[in-house]
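**Student:** Hey, dropping upload_24.tsv in here, TSV, C-alpha atoms:
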chain	number	residue	atom	x	y	z
Q	1	MET	CA	-76.45	-40.49	-1.41
Q	2	PHE	CA	-74.12	-37.54	-1.85
Q	3	ILE	CA	-71.35	-36.07	-3.98
Q	4	LYS	CA	-68.56	-34.70	-1.77
Q	5	CYS	CA	-66.56	-31.95	-3.49
Q	6	LEU	CA	-62.91	-32.37	-2.50
Q	7	GLY	CA	-61.21	-30.22	-5.15
Q	8	GLY	CA	-61.71	-28.56	-8.51
Q	9	CYS	CA	-64.55	-26.27	-7.40
Q	10	ARG	CA	-64.29	-22.58	-8.39
Q	11	GLU	CA	-60.72	-23.33	-9.44
Q	12	VAL	CA	-58.97	-24.91	-12.41
Q	13	GLY	CA	-57.64	-28.34	-11.57
Q	14	LYS	CA	-56.98	-30.33	-8.40
Q	15	ASN	CA	-60.10	-32.35	-9.26
Q	16	ALA	CA	-61.51	-34.84	-6.77
Q	17	PHE	CA	-65.15	-35.82	-6.28
Q	18	LEU	CA	-66.40	-38.55	-3.95
Q	19	ILE	CA	-69.72	-40.28	-4.58
Q	20	LYS	CA	-71.01	-41.66	-1.30
Q	21	GLY	CA	-73.55	-44.44	-1.66
Q	22	LYS	CA	-75.20	-46.44	1.07
Q	23	LYS	CA	-72.43	-49.05	1.07
Q	24	GLU	CA	-69.65	-47.77	-1.19
Q	25	ARG	CA	-67.53	-44.71	-1.75
Q	26	ILE	CA	-66.28	-44.03	-5.29
Q	27	LEU	CA	-63.66	-41.36	-6.04
Q	28	LEU	CA	-63.59	-39.57	-9.40
Q	29	ASP	CA	-60.08	-38.21	-10.05
Q	30	TYR	CA	-57.55	-37.20	-7.41
Q	31	GLY	CA	-55.26	-34.48	-8.75
Q	32	VAL	CA	-52.94	-31.82	-7.43
Q	33	ASP	CA	-52.76	-28.06	-7.77
Q	34	VAL	CA	-50.13	-27.76	-10.51
Q	35	GLU	CA	-49.01	-24.33	-9.27
Q	36	THR	CA	-48.54	-25.21	-5.59
Q	37	GLY	CA	-48.48	-29.01	-5.46
Q	38	THR	CA	-51.25	-29.07	-2.84
Q	39	LEU	CA	-53.69	-31.96	-2.68
Q	40	PRO	CA	-57.50	-31.96	-2.58
Q	41	LEU	CA	-59.31	-32.59	0.69
Q	42	ASP	CA	-58.81	-36.01	2.26
Q	43	PRO	CA	-61.36	-38.42	0.78
Q	44	GLY	CA	-61.21	-40.79	3.74
Q	45	LYS	CA	-62.13	-44.38	2.98
Q	46	VAL	CA	-62.36	-45.08	-0.77
Q	47	ASP	CA	-63.50	-48.37	-2.29
Q	48	HIS	CA	-62.93	-47.57	-5.97
Q	49	ALA	CA	-61.15	-44.70	-7.73
Q	50	PHE	CA	-61.68	-43.73	-11.39
Q	51	LEU	CA	-59.05	-41.62	-13.17
Q	52	ALA	CA	-60.38	-39.69	-16.15
Q	53	HIS	CA	-57.10	-38.83	-17.89
Q	54	ALA	CA	-53.36	-38.43	-17.37
Q	55	HIS	CA	-52.95	-34.78	-16.42
Q	56	LEU	CA	-51.53	-33.99	-13.01
Q	57	ASP	CA	-54.48	-31.86	-11.94
Q	58	HIS	CA	-56.59	-35.02	-12.25
Q	59	THR	CA	-54.23	-37.90	-11.38
Q	60	GLY	CA	-51.28	-36.28	-9.59
Q	61	GLY	CA	-52.49	-37.43	-6.16
Q	62	SER	CA	-53.42	-40.97	-7.19
Q	63	ALA	CA	-50.34	-42.53	-5.56
Q	64	VAL	CA	-51.28	-40.87	-2.26
Q	65	LEU	CA	-54.38	-43.10	-2.16
Q	66	MET	CA	-52.05	-46.07	-1.73
Q	67	LYS	CA	-50.99	-44.94	1.75
Q	68	THR	CA	-54.17	-46.26	3.39
Q	69	GLU	CA	-54.37	-49.66	5.05
Q	70	LYS	CA	-56.78	-50.89	2.37
Q	71	PRO	CA	-56.12	-48.91	-0.84
Q	72	PRO	CA	-58.90	-48.68	-3.43
Q	73	GLN	CA	-59.15	-50.48	-6.72
Q	74	VAL	CA	-58.18	-47.95	-9.41
Q	75	TYR	CA	-59.69	-47.79	-12.91
Q	76	ALA	CA	-58.44	-46.02	-16.05
Q	77	THR	CA	-57.54	-46.73	-19.66
Q	78	ALA	CA	-54.19	-48.39	-20.33
Q	79	VAL	CA	-52.67	-45.26	-21.90
Q	80	THR	CA	-53.84	-43.17	-18.93
Q	81	PHE	CA	-52.05	-45.48	-16.52
Q	82	ASP	CA	-48.80	-45.50	-18.52
Q	83	LEU	CA	-48.75	-41.72	-18.86
Q	84	THR	CA	-49.67	-41.26	-15.19
Q	85	HIS	CA	-46.72	-43.41	-14.11
Q	86	LEU	CA	-44.44	-41.21	-16.25
Q	87	LEU	CA	-45.79	-37.97	-14.75
Q	88	LEU	CA	-45.80	-39.23	-11.15
Q	89	LYS	CA	-42.15	-40.25	-11.35
Q	90	ASP	CA	-41.20	-36.94	-12.94
Q	91	SER	CA	-43.13	-34.95	-10.31
Q	92	LEU	CA	-41.39	-36.85	-7.53
Q	93	LYS	CA	-38.01	-36.05	-9.09
Q	94	ILE	CA	-38.88	-32.36	-9.41
Q	95	ALA	CA	-40.10	-32.20	-5.80
Q	96	ARG	CA	-36.80	-33.64	-4.59
Q	97	LEU	CA	-34.72	-31.28	-6.71
Q	98	ASN	CA	-36.68	-28.25	-5.47
Q	99	GLY	CA	-36.87	-29.31	-1.85
Q	100	GLN	CA	-40.68	-29.50	-1.99
Q	101	GLU	CA	-42.96	-31.76	0.00
Q	102	GLU	CA	-43.11	-35.30	-1.35
Q	103	HIS	CA	-46.69	-36.53	-1.03
Q	104	TYR	CA	-45.87	-40.08	-2.09
Q	105	THR	CA	-42.91	-42.41	-2.64
Q	106	GLU	CA	-41.72	-44.69	-5.44
Q	107	MET	CA	-43.13	-47.55	-3.37
Q	108	ASP	CA	-46.56	-45.89	-3.51
Q	109	ILE	CA	-46.32	-45.79	-7.32
Q	110	ARG	CA	-45.55	-49.52	-7.31
Q	111	ARG	CA	-48.54	-50.11	-5.01
Q	112	LEU	CA	-50.71	-48.14	-7.41
Q	113	LYS	CA	-49.75	-50.47	-10.25
Q	114	LYS	CA	-50.97	-53.45	-8.23
Q	115	GLN	CA	-54.40	-51.86	-7.76
Q	116	GLU	CA	-54.92	-50.94	-11.40
Q	117	ASN	CA	-57.80	-52.20	-13.54
Q	118	MET	CA	-57.90	-51.42	-17.27
Q	119	ILE	CA	-61.12	-50.02	-18.73
Q	120	ASN	CA	-62.20	-49.04	-22.24
Q	121	TYR	CA	-64.77	-46.95	-24.04
Q	122	GLY	CA	-68.26	-48.40	-24.38
Q	123	LYS	CA	-67.76	-50.73	-21.42
Q	124	GLN	CA	-69.19	-50.82	-17.90
Q	125	VAL	CA	-67.62	-51.36	-14.51
Q	126	LYS	CA	-69.91	-52.98	-11.94
Q	127	THR	CA	-69.29	-52.69	-8.22
Q	128	SER	CA	-71.50	-54.05	-5.46
Q	129	GLU	CA	-73.64	-50.88	-5.46
Q	130	MET	CA	-72.89	-48.90	-8.62
Q	131	ILE	CA	-72.50	-49.30	-12.38
Q	132	ILE	CA	-70.07	-46.96	-14.15
Q	133	ASP	CA	-70.39	-46.37	-17.92
Q	134	VAL	CA	-67.16	-45.37	-19.71
Q	135	HIS	CA	-67.20	-42.91	-22.63
Q	136	ASP	CA	-64.52	-41.22	-24.74
Q	137	ALA	CA	-64.01	-37.66	-23.43
Q	138	GLY	CA	-62.12	-36.41	-26.51
Q	139	HIS	CA	-59.62	-34.44	-24.38
Q	140	ILE	CA	-56.34	-36.35	-24.69
Q	141	PRO	CA	-55.63	-39.97	-25.69
Q	142	GLY	CA	-57.38	-42.30	-23.24
Q	143	SER	CA	-59.48	-39.60	-21.56
Q	144	CYS	CA	-62.86	-40.68	-20.17
Q	145	LEU	CA	-66.29	-39.39	-19.27
Q	146	PHE	CA	-67.93	-41.44	-16.51
Q	147	VAL	CA	-71.64	-42.00	-15.92
Q	148	VAL	CA	-72.24	-43.40	-12.45
Q	149	ASN	CA	-75.51	-45.26	-12.01
Q	150	VAL	CA	-76.36	-45.25	-8.31
Q	151	GLY	CA	-79.65	-45.49	-6.40
Q	152	GLY	CA	-81.69	-45.16	-9.57
Q	153	LYS	CA	-79.88	-41.93	-10.56
Q	154	ARG	CA	-77.39	-41.25	-13.35
Q	155	VAL	CA	-74.49	-38.93	-12.46
Q	156	LEU	CA	-72.26	-37.73	-15.31
Q	157	TYR	CA	-68.70	-36.67	-14.51
Q	158	THR	CA	-67.07	-35.00	-17.51
Q	159	SER	CA	-63.65	-34.30	-16.01
Q	160	ASP	CA	-62.05	-32.40	-18.96
Q	161	PHE	CA	-63.66	-33.02	-22.33
Q	162	GLY	CA	-63.58	-31.84	-25.93
Q	163	ILE	CA	-66.12	-31.90	-28.75
Q	164	ARG	CA	-64.01	-30.56	-31.64
Q	165	LYS	CA	-61.86	-32.84	-33.76
Q	166	SER	CA	-58.09	-32.48	-33.60
Q	167	ARG	CA	-55.14	-34.18	-35.27
Q	168	LEU	CA	-55.10	-36.68	-32.39
Q	169	LEU	CA	-58.75	-37.21	-31.52
Q	170	ASP	CA	-62.30	-37.20	-32.84
Q	171	GLY	CA	-63.88	-35.52	-29.83
Q	172	THR	CA	-66.59	-36.93	-27.61
Q	173	ASN	CA	-69.92	-38.06	-29.04
Q	174	ILE	CA	-72.36	-36.19	-26.80
Q	175	LYS	CA	-75.41	-37.79	-28.45
Q	176	GLN	CA	-74.51	-41.08	-26.75
Q	177	ILE	CA	-74.98	-39.56	-23.30
Q	178	LYS	CA	-78.63	-39.69	-22.25
Q	179	ASN	CA	-80.96	-39.55	-19.26
Q	180	ILE	CA	-78.58	-37.69	-16.96
Q	181	ASP	CA	-79.87	-36.58	-13.57
Q	182	VAL	CA	-76.76	-34.70	-12.44
Q	183	ALA	CA	-73.96	-33.47	-14.75
Q	184	VAL	CA	-70.76	-32.56	-12.91
Q	185	MET	CA	-69.12	-30.69	-15.78
Q	186	GLU	CA	-66.03	-28.61	-16.36
Q	187	CYS	CA	-66.44	-25.00	-17.50
Q	188	THR	CA	-62.79	-24.02	-17.95
Q	189	TYR	CA	-63.41	-21.92	-21.05
Q	190	SER	CA	-66.97	-20.78	-20.30
Q	191	SER	CA	-66.00	-17.16	-21.01
Q	192	ARG	CA	-64.52	-17.59	-24.49
Q	193	ASN	CA	-64.35	-19.76	-27.58
Q	194	HIS	CA	-61.28	-21.31	-29.15
Q	195	PRO	CA	-60.05	-20.13	-32.56
Q	196	ASP	CA	-60.60	-22.24	-35.63
Q	197	ARG	CA	-58.31	-25.27	-35.44
Q	198	VAL	CA	-57.34	-25.26	-39.11
Q	199	GLU	CA	-56.33	-21.58	-38.91
Q	200	SER	CA	-54.30	-22.25	-35.75
Q	201	GLU	CA	-52.46	-25.07	-37.54
Q	202	LYS	CA	-51.62	-22.79	-40.47
Q	203	LYS	CA	-50.36	-20.08	-38.12
Q	204	LEU	CA	-48.18	-22.55	-36.26
Q	205	PHE	CA	-46.55	-23.82	-39.41
Q	206	ASN	CA	-46.10	-20.31	-40.81
Q	207	PHE	CA	-44.48	-19.06	-37.58
Q	208	VAL	CA	-42.06	-21.98	-37.61
Q	209	ASN	CA	-41.41	-22.01	-41.33
Q	210	ASP	CA	-40.75	-18.26	-41.48
Q	211	THR	CA	-38.27	-18.56	-38.62
Q	212	VAL	CA	-36.33	-21.42	-40.21
Q	213	MET	CA	-36.36	-19.89	-43.70
Q	214	ASN	CA	-34.80	-16.75	-42.16
Q	215	ASP	CA	-31.99	-18.85	-40.63
Q	216	GLY	CA	-33.50	-18.93	-37.13
Q	217	ILE	CA	-34.40	-21.68	-34.70
Q	218	ALA	CA	-38.08	-22.15	-33.83
Q	219	LEU	CA	-38.59	-23.29	-30.25
Q	220	ILE	CA	-41.99	-24.80	-29.40
Q	221	PRO	CA	-42.52	-25.55	-25.70
Q	222	ALA	CA	-45.32	-28.12	-25.43
Q	223	PHE	CA	-46.97	-30.21	-22.75
Q	224	ALA	CA	-45.61	-33.74	-22.90
Q	225	VAL	CA	-48.96	-35.52	-22.70
Q	226	GLY	CA	-51.00	-35.04	-25.86
Q	227	ARG	CA	-49.83	-31.63	-27.03
Q	228	SER	CA	-46.30	-32.49	-28.18
Q	229	ALA	CA	-47.62	-35.33	-30.39
Q	230	GLU	CA	-50.26	-33.06	-31.89
Q	231	VAL	CA	-47.76	-30.29	-32.65
Q	232	LEU	CA	-45.51	-32.83	-34.31
Q	233	MET	CA	-48.42	-34.07	-36.45
Q	234	VAL	CA	-49.42	-30.53	-37.42
Q	235	LEU	CA	-45.92	-29.60	-38.62
Q	236	ASN	CA	-45.50	-32.88	-40.46
Q	237	SER	CA	-48.82	-32.40	-42.29
Q	238	PHE	CA	-47.32	-29.43	-44.18
Q	239	ASN	CA	-44.41	-31.54	-45.51
Q	240	PRO	CA	-41.75	-29.33	-43.91
Q	241	LYS	CA	-38.39	-28.86	-45.61
Q	242	PHE	CA	-36.57	-28.33	-42.31
Q	243	PRO	CA	-35.48	-30.71	-39.51
Q	244	ILE	CA	-37.77	-31.19	-36.50
Q	245	TYR	CA	-36.38	-32.28	-33.13
Q	246	LEU	CA	-38.25	-33.72	-30.15
Q	247	ASP	CA	-36.78	-33.33	-26.67
Q	248	GLY	CA	-37.61	-33.90	-23.01
Q	249	MET	CA	-40.43	-36.01	-21.62
Q	250	ALA	CA	-42.27	-35.39	-24.91
Q	251	LYS	CA	-40.23	-38.27	-26.41
Q	252	LYS	CA	-41.43	-40.87	-23.91
Q	253	ALA	CA	-45.01	-39.54	-23.83
Q	254	THR	CA	-45.24	-39.76	-27.62
Q	255	GLU	CA	-43.83	-43.28	-27.60
Q	256	ILE	CA	-46.45	-44.32	-25.01
Q	257	THR	CA	-49.23	-42.71	-27.05
Q	258	LEU	CA	-48.17	-44.66	-30.15
Q	259	LYS	CA	-48.47	-47.94	-28.21
Q	260	TYR	CA	-52.25	-47.47	-28.09
Q	261	PRO	CA	-53.55	-46.81	-31.62
Q	262	GLU	CA	-57.13	-47.56	-30.51
Q	263	PHE	CA	-57.19	-44.24	-28.66
Q	264	LEU	CA	-56.09	-42.14	-31.65
Q	265	ARG	CA	-58.00	-40.68	-34.57
Q	266	ASP	CA	-55.30	-41.70	-37.07
Q	267	HIS	CA	-52.36	-43.51	-35.52
Q	268	LYS	CA	-50.66	-43.93	-38.91
Q	269	GLU	CA	-50.45	-40.14	-39.26
Q	270	LEU	CA	-48.66	-39.97	-35.91
Q	271	GLU	CA	-46.36	-42.82	-36.94
Q	272	ARG	CA	-45.38	-40.94	-40.09
Q	273	ALA	CA	-44.68	-37.81	-38.10
Q	274	VAL	CA	-42.50	-39.69	-35.62
Q	275	GLN	CA	-40.55	-41.29	-38.48
Q	276	ASN	CA	-39.62	-37.81	-39.69
Q	277	VAL	CA	-38.57	-36.43	-36.30
Q	278	ARG	CA	-35.10	-36.46	-34.75
Q	279	PHE	CA	-34.98	-37.46	-31.08
Q	280	ILE	CA	-32.70	-35.55	-28.72
Q	281	ARG	CA	-31.30	-37.71	-25.93
Q	282	ASN	CA	-28.56	-35.65	-24.28
Q	283	ASP	CA	-26.71	-32.31	-24.23
Q	284	LYS	CA	-24.50	-33.40	-27.11
Q	285	ASP	CA	-27.61	-33.83	-29.30
Q	286	ARG	CA	-28.93	-30.44	-28.10
Q	287	LYS	CA	-25.70	-28.66	-29.07
Q	288	GLU	CA	-25.81	-30.32	-32.48
Q	289	ALA	CA	-29.44	-29.25	-33.04
Q	290	LEU	CA	-28.55	-25.62	-32.29
Q	291	LYS	CA	-25.96	-25.46	-35.06
Q	292	LYS	CA	-28.48	-25.08	-37.92
Q	293	PRO	CA	-31.95	-23.62	-38.48
Q	294	CYS	CA	-34.61	-26.08	-37.30
Q	295	ALA	CA	-37.74	-26.58	-35.19
Q	296	ILE	CA	-37.46	-27.95	-31.65
Q	297	ILE	CA	-40.50	-29.31	-29.81
Q	298	THR	CA	-39.72	-29.72	-26.14
Q	299	THR	CA	-41.04	-29.78	-22.59
Q	300	GLY	CA	-41.92	-28.00	-20.39
Q	301	GLY	CA	-44.95	-26.40	-21.86
Q	302	CYS	CA	-44.90	-23.49	-19.40
Q	303	ILE	CA	-41.08	-23.09	-19.53
Q	304	SER	CA	-40.73	-23.39	-15.75
Q	305	GLY	CA	-38.37	-26.31	-16.19
Q	306	GLY	CA	-37.25	-29.02	-18.59
Q	307	PRO	CA	-35.10	-28.64	-21.70
Q	308	ALA	CA	-37.11	-25.56	-22.78
Q	309	VAL	CA	-35.09	-23.50	-20.27
Q	310	TYR	CA	-31.82	-24.87	-21.71
Q	311	TYR	CA	-32.80	-23.65	-25.18
Q	312	ILE	CA	-34.06	-20.22	-24.10
Q	313	LYS	CA	-30.72	-19.51	-22.42
Q	314	ARG	CA	-29.03	-20.05	-25.78
Q	315	LEU	CA	-31.58	-18.55	-28.16
Q	316	TRP	CA	-33.02	-15.54	-26.34
Q	317	ASP	CA	-30.82	-12.76	-27.75
Q	318	ASN	CA	-31.20	-13.53	-31.47
Q	319	PRO	CA	-34.22	-11.83	-33.12
Q	320	LEU	CA	-34.10	-14.42	-35.91
Q	321	ASN	CA	-35.20	-17.11	-33.43
Q	322	SER	CA	-38.78	-17.59	-32.27
Q	323	LEU	CA	-40.70	-19.09	-29.36
Q	324	THR	CA	-44.27	-20.31	-29.93
Q	325	PHE	CA	-46.60	-21.41	-27.13
Q	326	THR	CA	-49.36	-23.84	-28.09
Q	327	GLY	CA	-51.28	-24.05	-24.83
Q	328	TYR	CA	-52.56	-22.30	-21.73
Q	329	GLN	CA	-49.84	-20.75	-19.61
Q	330	ILE	CA	-50.57	-21.52	-15.97
Q	331	PRO	CA	-50.44	-18.52	-13.60
Q	332	LYS	CA	-47.13	-18.01	-11.76
Q	333	THR	CA	-45.18	-20.06	-14.33
Q	334	GLY	CA	-42.31	-18.78	-16.44
Q	335	GLY	CA	-44.47	-18.85	-19.56
Q	336	ARG	CA	-47.27	-16.82	-18.01
Q	337	TYR	CA	-44.80	-14.22	-16.73
Q	338	LEU	CA	-43.12	-14.04	-20.13
Q	339	LEU	CA	-46.40	-13.40	-21.94
Q	340	ASP	CA	-47.39	-10.75	-19.39
Q	341	THR	CA	-44.05	-8.90	-19.26
Q	342	GLY	CA	-41.89	-9.97	-22.20
Q	343	ARG	CA	-39.24	-11.14	-19.74
Q	344	PHE	CA	-38.06	-14.64	-18.90
Q	345	VAL	CA	-37.29	-14.57	-15.18
Q	346	THR	CA	-35.97	-17.33	-12.93
Q	347	GLU	CA	-34.00	-17.28	-9.69
Q	348	GLU	CA	-30.79	-17.23	-11.75
Q	349	MET	CA	-31.64	-14.89	-14.63
Q	350	ASP	CA	-33.73	-12.03	-15.94
Q	351	LEU	CA	-33.82	-11.89	-19.74
Q	352	LYS	CA	-35.62	-9.48	-22.06
Q	353	LEU	CA	-36.15	-11.86	-24.96
Q	354	LYS	CA	-35.20	-10.60	-28.40
Q	355	MET	CA	-36.56	-13.69	-30.14
Q	356	SER	CA	-40.13	-13.30	-31.40
Q	357	ILE	CA	-42.87	-14.66	-29.11
Q	358	ASN	CA	-46.13	-16.16	-30.36
Q	359	ALA	CA	-49.06	-17.70	-28.48
Q	360	LEU	CA	-51.55	-20.10	-30.08
Q	361	ASP	CA	-54.52	-22.03	-28.69
Q	362	PHE	CA	-54.58	-25.80	-29.25
Q	363	SER	CA	-56.69	-26.55	-26.20
Q	364	GLY	CA	-58.33	-29.94	-25.76
Q	365	HIS	CA	-61.14	-28.38	-23.69
Q	366	CYS	CA	-64.56	-27.30	-24.90
Q	367	GLY	CA	-64.91	-23.62	-25.66
Q	368	ARG	CA	-67.87	-21.52	-24.55
Q	369	ASP	CA	-70.24	-22.45	-27.40
Q	370	ASN	CA	-69.36	-26.15	-27.10
Q	371	LEU	CA	-70.18	-26.12	-23.37
Q	372	PHE	CA	-73.65	-24.73	-24.02
Q	373	GLU	CA	-74.12	-27.14	-26.93
Q	374	PHE	CA	-73.29	-29.96	-24.53
Q	375	VAL	CA	-75.93	-28.82	-22.02
Q	376	LYS	CA	-78.51	-28.36	-24.79
Q	377	VAL	CA	-77.99	-31.85	-26.24
Q	378	VAL	CA	-77.48	-33.85	-23.04
Q	379	ARG	CA	-80.15	-31.85	-21.18
Q	380	PRO	CA	-79.29	-32.98	-17.62
Q	381	LYS	CA	-81.80	-32.31	-14.87
Q	382	ARG	CA	-79.09	-30.58	-12.85
Q	383	VAL	CA	-75.69	-29.08	-13.63
Q	384	VAL	CA	-72.80	-28.84	-11.18
Q	385	ALA	CA	-70.24	-26.41	-12.64
Q	386	ILE	CA	-66.61	-27.22	-11.78
Q	387	HIS	CA	-63.03	-26.74	-12.97
Q	388	GLY	CA	-63.14	-23.06	-13.94
Q	389	ASP	CA	-62.50	-19.50	-12.83
Q	390	ASN	CA	-66.09	-18.51	-13.68
Q	391	CYS	CA	-68.12	-21.45	-12.35
Q	392	GLN	CA	-70.75	-19.25	-10.67
Q	393	ARG	CA	-71.35	-17.20	-13.81
Q	394	PHE	CA	-71.58	-20.31	-15.96
Q	395	ALA	CA	-74.15	-21.83	-13.58
Q	396	THR	CA	-76.19	-18.62	-13.73
Q	397	GLU	CA	-76.14	-18.69	-17.53
Q	398	VAL	CA	-77.24	-22.34	-17.60
Q	399	ARG	CA	-80.20	-21.51	-15.39
Q	400	GLY	CA	-81.14	-18.53	-17.53
Q	401	ARG	CA	-80.72	-20.22	-20.94
Q	402	PHE	CA	-82.18	-23.64	-20.25
Q	403	GLY	CA	-84.20	-23.36	-17.06
Q	404	ILE	CA	-82.02	-26.12	-15.61
Q	405	ASP	CA	-81.05	-26.18	-11.94
Q	406	ALA	CA	-77.33	-25.29	-11.89
Q	407	ILE	CA	-74.92	-24.67	-9.03
Q	408	ALA	CA	-71.23	-23.89	-8.51
Q	409	PRO	CA	-70.23	-25.58	-5.24
Q	410	LYS	CA	-67.23	-24.82	-3.10
Q	411	ASN	CA	-64.58	-27.32	-2.09
Q	412	GLY	CA	-65.91	-29.17	0.94
Q	413	ASP	CA	-69.58	-28.95	-0.07
Q	414	GLU	CA	-71.81	-32.02	-0.21
Q	415	ILE	CA	-74.48	-32.34	-2.88
Q	416	GLU	CA	-77.40	-34.70	-2.41
Q	417	ILE	CA	-78.05	-36.90	-5.43
Starting from the file, give its structure as C-alpha cells.

**Tutor:**
Amino acid sequence: MFIKCLGGCREVGKNAFLIKGKKERILLDYGVDVETGTLPLDPGKVDHAFLAHAHLDHTGGSAVLMKTEKPPQVYATAVTFDLTHLLLKDSLKIARLNGQEEHYTEMDIRRLKKQENMINYGKQVKTSEMIIDVHDAGHIPGSCLFVVNVGGKRVLYTSDFGIRKSRLLDGTNIKQIKNIDVAVMECTYSSRNHPDRVESEKKLFNFVNDTVMNDGIALIPAFAVGRSAEVLMVLNSFNPKFPIYLDGMAKKATEITLKYPEFLRDHKELERAVQNVRFIRNDKDRKEALKKPCAIITTGGCISGGPAVYYIKRLWDNPLNSLTFTGYQIPKTGGRYLLDTGRFVTEEMDLKLKMSINALDFSGHCGRDNLFEFVKVVRPKRVVAIHGDNCQRFATEVRGRFGIDAIAPKNGDEIEI
C-alpha cells in the first residue's frame, strides 16, 4: 500500500494525495495552484475522494474529477460543499474573463453535486477496504482532519489545521488523535509563529477606528471563506460607532457559514455581527458607502480582483484613508506586490498609494510552536512534511527533536505505508 504525492509537496497548496490500497484508491484533496491555476498530477482511477476544506488550493480541482467515465464518490462537510460550489463557479467566471484555461465546466459542477456525501466530525466513513475517521481541523468552518485506517495502519492527513482559538473556531483537539503510523502534515508556517490573536484584534480595530475618526475610509480586503466573517466579528466585538459594509463574495460566503451553526464556536456572535453590517449589492451602494467615513470589508483578499480594486481606484490618493490586510498575500498577486513596493500595479494602472497600509496576521494555520506541539502530542511513527516552503528543514527538525522518521517528498513520489 502506498501514498502517491500528486501535489502540495515542497510548495504551498495544490494539495492532492492518493492512498493506494490493494483494491481501492482514495484521494485526499484535489486543489489548484492559486497563482497559476495549474492542477496536481493526474490521479488516474479514484474510488473515493475526501475534501478537507473549501479553499481552492485543496478543492479547486474537484470538479475535474467528474470528467472520468466513473467519477468517484466525494465526501466533505455540508458547509465545505456549499462554499466549494461558490468558489468553483467564481473561478470558472474569472477564467473566462481572463481568457485562461477552463479545467471544468458548469456541467462538471452539477455532476460533482450528484456524487457528494455529507460527513461530520466524530463520524467514520467505511469503504470496502478502508475506514476514514473525521476530525475537526480548526482551520475554517467545516475543515477536516482525516485518519485513514488501511491494512492495519493509521494514516493521518491534516490538510490545513489550526490549534489556536479564534472568533470563529475552537481549534482542533489534538489529544483525540492517537496511534498514528504516518502523519501527512502541513508545515506552512514552520519557520515562524503567529502574533497573539487578542493583540491582532486590538490592532485591527484601532487601525480602522483611527481612520474613521479622522474622516477616512478603512478598506479591509479579506478572503471570502472564513476570514471576512472573522473580521466582521472582531470589529463588532468592540461595539464600533461607525458603519461597516460587506461587499463581494464575502456576503454569500458569510451567509453560507451562518447556515451551519454546528461548525462555529459561537454562531450567535456572528449573527449579531451580521445584523449590524450593511450589505453592498451594486455600484450604487458602493458610491453611497464612499460618501462618509466607514469601514468596508470586501473581496478579494489579495486585491488581484473583486470589489477591492474598485475601492482602491477611488481611495488611493487620500492619506486619511487606510488599507489593512488580514491574511497572507500570495506571491505574484497585487497585494504581495503592494506590500513589497508600496505600489498598486495592474495592466491598466500604476499607483503609489497615499492611503496608509497595514498588514496583520489572522492565519488559520498552526504556527511554528503549534506544529511541534502537534508532533509531540500525537507522536506519529513517521512524519511526511507537506504544504510549505520549508518542508525539508521542518522534516530535519522533527528528526532531530523527536527522533521520529520524517521526510519531505517531492510531487510524484510514492511512499510505502

**Student:** Could you give me, as an MDAnalysis selection string, the residues within 9 Å of region 324-333 of chain Q, counting all atoms listed in the file and dropping anything in the same chain fewer than 3 positions from it?

**Tutor:** chainID Q and resid 34:35 204 207:208 218:223 227 231 301:304 336:339 356:363

**Student:** I need the chosen residues saved as an mmCIF file, in the coordinates of the input, with C-alpha atoms.

**Tutor:**
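Written output follows (again21.cif):
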data_model
loop_
_atom_site.group_PDB
_atom_site.id
_atom_site.type_symbol
_atom_site.label_atom_id
_atom_site.label_comp_id
_atom_site.auth_asym_id
_atom_site.auth_seq_id
_atom_site.Cartn_x
_atom_site.Cartn_y
_atom_site.Cartn_z
ATOM 1 C CA VAL Q 34 -50.130 -27.760 -10.510
ATOM 2 C CA GLU Q 35 -49.010 -24.330 -9.270
ATOM 3 C CA LEU Q 204 -48.180 -22.550 -36.260
ATOM 4 C CA PHE Q 207 -44.480 -19.060 -37.580
ATOM 5 C CA VAL Q 208 -42.060 -21.980 -37.610
ATOM 6 C CA ALA Q 218 -38.080 -22.150 -33.830
ATOM 7 C CA LEU Q 219 -38.590 -23.290 -30.250
ATOM 8 C CA ILE Q 220 -41.990 -24.800 -29.400
ATOM 9 C CA PRO Q 221 -42.520 -25.550 -25.700
ATOM 10 C CA ALA Q 222 -45.320 -28.120 -25.430
ATOM 11 C CA PHE Q 223 -46.970 -30.210 -22.750
ATOM 12 C CA ARG Q 227 -49.830 -31.630 -27.030
ATOM 13 C CA VAL Q 231 -47.760 -30.290 -32.650
ATOM 14 C CA GLY Q 301 -44.950 -26.400 -21.860
ATOM 15 C CA CYS Q 302 -44.900 -23.490 -19.400
ATOM 16 C CA ILE Q 303 -41.080 -23.090 -19.530
ATOM 17 C CA SER Q 304 -40.730 -23.390 -15.750
ATOM 18 C CA ARG Q 336 -47.270 -16.820 -18.010
ATOM 19 C CA TYR Q 337 -44.800 -14.220 -16.730
ATOM 20 C CA LEU Q 338 -43.120 -14.040 -20.130
ATOM 21 C CA LEU Q 339 -46.400 -13.400 -21.940
ATOM 22 C CA SER Q 356 -40.130 -13.300 -31.400
ATOM 23 C CA ILE Q 357 -42.870 -14.660 -29.110
ATOM 24 C CA ASN Q 358 -46.130 -16.160 -30.360
ATOM 25 C CA ALA Q 359 -49.060 -17.700 -28.480
ATOM 26 C CA LEU Q 360 -51.550 -20.100 -30.080
ATOM 27 C CA ASP Q 361 -54.520 -22.030 -28.690
ATOM 28 C CA PHE Q 362 -54.580 -25.800 -29.250
ATOM 29 C CA SER Q 363 -56.690 -26.550 -26.200
#

**Student:** How far is it from CA of Ile132 (chain Q) to CA of Lys178 (chain Q), in Å with one decimal?

**Tutor:**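 CA of Lys178 (chain Q) lies at a distance of 13.8 Å from CA of Ile132 (chain Q).
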
**Student:** Rounded to one decimal place, report the CA of Lys410 (chain Q)-CA of Asp369 (chain Q) distance in Å.

**Tutor:**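 If I compute the distance from CA of Lys410 (chain Q) to CA of Asp369 (chain Q), I get 24.6 Å.
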
**Student:** Output as JSON the centre and edge lengths (Å, one decimal) of the box along x, y and z of the file that holds every listed atom of region 158-161 of chain Q after adding 4 Å on each side.

**Tutor:**
{"center_x": -64.6, "center_y": -33.7, "center_z": -19.2, "size_x": 13.0, "size_y": 10.6, "size_z": 14.3}

**Student:** Using all atoms listed in the file, pick whichever of Q:Pro409, Q:Gly226, Q:Pro380, Q:Gly171 has the shortest atom-to-atom distance to Leu258 (chain Q).

**Tutor:**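 Of the candidates, the smallest distance to Leu258 (chain Q) is held by Q:Gly226.
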